[in-house]
Amino acid sequence: MNRRDLFRLAAAMGLAAAIPNIGNARPQQALSNPLQPPAEGSIPVAVLLSDGAVVIDFAGPWEVFQNVSVPGRATEPVFQLYTVAETTAPVKAGGSMTIVPEYTFATAPAPKIIVIPAQGEPTEAMLAWIREAARTADLTMSVCTGAFVLAKTGLLSGKAATTHHSAYAQFVMAFPDVALKRGARFVESGRFASSGGLSSGIDLTLRVVERYFGRAVALNTANTLEYQGQGWLDPASNMVYAKRRKSTAQHPLCPVCEMDVDKANAPSSVYQGRTYYFCMASHQKIFDASPARFLS
């Protein structure tokens with residue numbers, strides 16, 4: 001028995017209702033922004049990759065999408081997943097994982113969903129492909145600092161978004177025309193959506209499944225994955241990151257990303273008579289270019 005058959009068996013047995021804190025997490029509510037699935041056939045999902053792509057950012061959503069099963073639909077996958085990159089040369093993702101993209105920007109099928117994980121600096125070709133593909137997509141979604149890539153297209157201008165909590169300050173300064181939502185697990189803004197860091201992409205993807213096929217299908221997908229997280233049921237569930245952490249002399253934080261630093265080994269800069277410590281040299285460089293903006 002393959003896992004799709006296992007999923008159908010679990011759904012038939014009503015396991016979603018039997019698992020504490022998931023099946024009974026909260027009642028089904030009418031969706032205010034549903035997505036319309038096709039009457040038949042798979043929903044194409046393009047996962048955009050380049051060197052430095054963070055594995056959980058794209059692997060988490062990939063696993064969610066590939067484990068969706070909808071009663072009454074054909075045996076073909078509900079979501080058709082494929083990777084896209086500027087070329088088909090191997091991509092070095094996080095931890096030296098090597099991935100050979102299936103398609104280039106010129107050959108990729110038109111997607112209905114675009115997944116943009118955290119990755120390296122985007123090229124102009126990548127930004128142009130996102131802009132064009134997003135025109136006909138149902139949803140373009142970013143995970144973690146993939147929000148920077150999406151924002152650089154200009155498609156988030158005037159919209160709300162979120163990103164990894166350590167990048168809030170940098171995002172606000174880089175994209176003042178985007179309304180950053182601190183403490184959001186994910187943010188939906190029209191045909192675009194963004195999630196917080198890393199595992200938040202799993203929650204956003206379950207929410208996408210719910211928007212297409214309803215709460216029951218999303219619950220059963222989570223059960224198949226043995227995923228107990230409930231962030232997809234509450235977009236404000238990252239509120240632990242809503243308030244900016246305070247740096248003290250005894251417990252210094254990097255002023256750029258608010259991460260803990262070790263004064264004994266950390267690079268430092270002096271500004272207006274106070275010493276600031278950094279988690280990495282690149283953050284020191286960013287701070288030194290405009291310290292007042294990070295301290296406002």
# chains A, B, ... in the order shown; residues from 1 in each chain; ligands from 1
$ residues_around --residues "stretch 117-133 of chain A" --least-positions-apart "2" --cutoff "6 Å" --atoms "only C-alpha atoms" --output "VMD selection string"
chain A and resid 51 to 54 57 to 58 135 142 to 146 153
$ write_last_selection --atoms "N, CA, C and O atoms" --output "CSV table (one decimal), in the first residue's frame"
chain,number,residue,atom,x,y,z
A,51,ASP,N,21.4,28.9,-6.1
A,51,ASP,CA,22.3,28.5,-5.1
A,51,ASP,C,22.0,29.2,-3.8
A,51,ASP,O,21.5,30.3,-3.7
A,52,GLY,N,22.1,28.4,-2.7
A,52,GLY,CA,21.9,28.9,-1.4
A,52,GLY,C,20.4,28.7,-0.9
A,52,GLY,O,20.1,29.0,0.2
A,53,ALA,N,19.6,28.0,-1.8
A,53,ALA,CA,18.2,27.8,-1.4
A,53,ALA,C,18.1,27.0,-0.1
A,53,ALA,O,18.8,26.0,0.1
A,54,VAL,N,17.3,27.5,0.9
A,54,VAL,CA,17.2,26.8,2.2
A,54,VAL,C,16.3,25.6,2.0
A,54,VAL,O,15.1,25.7,1.6
A,57,ASP,N,12.7,25.4,3.4
A,57,ASP,CA,11.8,26.4,2.8
A,57,ASP,C,11.1,25.8,1.6
A,57,ASP,O,9.9,26.2,1.3
A,58,PHE,N,11.8,25.0,0.8
A,58,PHE,CA,11.1,24.4,-0.4
A,58,PHE,C,10.7,22.9,-0.2
A,58,PHE,O,9.7,22.5,-0.7
A,135,ARG,N,1.6,36.7,-13.3
A,135,ARG,CA,0.5,37.3,-14.0
A,135,ARG,C,-0.7,36.3,-14.1
A,135,ARG,O,-1.8,36.7,-14.0
A,142,SER,N,6.1,33.3,-0.9
A,142,SER,CA,7.5,33.3,-0.4
A,142,SER,C,7.6,32.6,0.9
A,142,SER,O,6.6,32.7,1.7
A,143,VAL,N,8.7,32.0,1.2
A,143,VAL,CA,9.0,31.4,2.5
A,143,VAL,C,10.3,32.1,3.1
A,143,VAL,O,11.3,32.2,2.4
A,144,CYS,N,10.2,32.5,4.4
A,144,CYS,CA,11.4,33.0,5.0
A,144,CYS,C,11.9,34.3,4.3
A,144,CYS,O,11.1,35.1,3.9
A,145,THR,N,13.2,34.4,4.1
A,145,THR,CA,13.7,35.6,3.4
A,145,THR,C,13.5,35.5,1.9
A,145,THR,O,14.0,36.4,1.1
A,146,GLY,N,12.8,34.5,1.4
A,146,GLY,CA,12.4,34.5,0.0
A,146,GLY,C,11.5,35.7,-0.2
A,146,GLY,O,11.3,36.2,-1.4
A,153,THR,N,10.8,42.2,-7.0
A,153,THR,CA,10.1,42.2,-8.3
A,153,THR,C,9.2,43.4,-8.4
A,153,THR,O,8.7,43.8,-9.4
$ residues_around --residues "A:Gly60" --least-positions-apart "3" --cutoff "8 Å" --atoms "only C-alpha atoms" --output "MDAnalysis selection string"
chainID A and resid 55:57 63:64 199 201:202
$ write_last_selection --atoms "N, CA, C and O atoms" --output "mmCIF file, in the first residue's frame"
data_model
loop_
_atom_site.group_PDB
_atom_site.id
_atom_site.type_symbol
_atom_site.label_atom_id
_atom_site.label_comp_id
_atom_site.auth_asym_id
_atom_site.auth_seq_id
_atom_site.Cartn_x
_atom_site.Cartn_y
_atom_site.Cartn_z
ATOM 1 N N VAL A 55 16.770 24.448 2.429
ATOM 2 C CA VAL A 55 16.100 23.186 2.111
ATOM 3 C C VAL A 55 14.690 23.108 2.670
ATOM 4 O O VAL A 55 13.737 22.786 1.954
ATOM 5 N N ILE A 56 14.483 23.401 3.965
ATOM 6 C CA ILE A 56 13.145 23.259 4.535
ATOM 7 C C ILE A 56 12.156 24.237 3.901
ATOM 8 O O ILE A 56 10.959 23.962 3.827
ATOM 9 N N ASP A 57 12.673 25.361 3.400
ATOM 10 C CA ASP A 57 11.800 26.360 2.788
ATOM 11 C C ASP A 57 11.078 25.826 1.552
ATOM 12 O O ASP A 57 9.943 26.219 1.271
ATOM 13 N N GLU A 63 6.545 18.628 0.381
ATOM 14 C CA GLU A 63 5.943 17.465 1.029
ATOM 15 C C GLU A 63 4.455 17.675 1.290
ATOM 16 O O GLU A 63 3.660 16.745 1.169
ATOM 17 N N VAL A 64 4.084 18.892 1.671
ATOM 18 C CA VAL A 64 2.660 19.155 1.891
ATOM 19 C C VAL A 64 1.890 18.964 0.591
ATOM 20 O O VAL A 64 0.904 18.212 0.536
ATOM 21 N N SER A 199 10.049 26.672 9.046
ATOM 22 C CA SER A 199 8.884 25.802 9.201
ATOM 23 C C SER A 199 7.574 26.522 8.925
ATOM 24 O O SER A 199 6.552 25.869 8.673
ATOM 25 N N GLY A 201 6.729 27.914 6.349
ATOM 26 C CA GLY A 201 6.301 27.594 4.990
ATOM 27 C C GLY A 201 5.374 26.396 4.934
ATOM 28 O O GLY A 201 4.510 26.299 4.047
ATOM 29 N N ILE A 202 5.531 25.468 5.872
ATOM 30 C CA ILE A 202 4.626 24.315 5.951
ATOM 31 C C ILE A 202 3.220 24.789 6.281
ATOM 32 O O ILE A 202 2.228 24.355 5.682
#
$ atom_distance --atom1 "atom CA of A:Val70" --atom2 "atom CA of A:Asn220"
9.6 Å
$ closest_residue --among "A:Phe294, A:Tyr212, A:Tyr276, A:Tyr241" --to "A:Ala39" --atoms "only C-alpha atoms"
A:Tyr212
$ residues_around --residues "A:Pro255" --least-positions-apart "4" --cutoff "9 Å" --atoms "only C-alpha atoms" --output "list in words"
Ala169, Ser247, Met259, Tyr276, Tyr277, Phe278, His283, Gln284, Phe287, Pro291, Phe294 and Leu295 of chain A
$ write_last_selection --atoms "C-alpha atoms" --output "PDB file, in the first residue's frame"
ATOM      1  CA  ALA A 169      14.653  45.496  10.235  1.00  0.00           C
ATOM      2  CA  SER A 247      20.017  44.535  23.823  1.00  0.00           C
ATOM      3  CA  MET A 259      20.447  37.499  17.389  1.00  0.00           C
ATOM      4  CA  TYR A 276      27.548  47.551  19.199  1.00  0.00           C
ATOM      5  CA  TYR A 277      28.336  43.874  18.618  1.00  0.00           C
ATOM      6  CA  PHE A 278      27.411  41.829  15.554  1.00  0.00           C
ATOM      7  CA  HIS A 283      25.874  42.697   9.489  1.00  0.00           C
ATOM      8  CA  GLN A 284      28.501  45.024  10.876  1.00  0.00           C
ATOM      9  CA  PHE A 287      25.009  48.693  10.253  1.00  0.00           C
ATOM     10  CA  PRO A 291      23.480  53.034  11.986  1.00  0.00           C
ATOM     11  CA  PHE A 294      18.736  50.447  12.764  1.00  0.00           C
ATOM     12  CA  LEU A 295      18.444  52.269  16.090  1.00  0.00           C
TER      13      LEU A 295
END
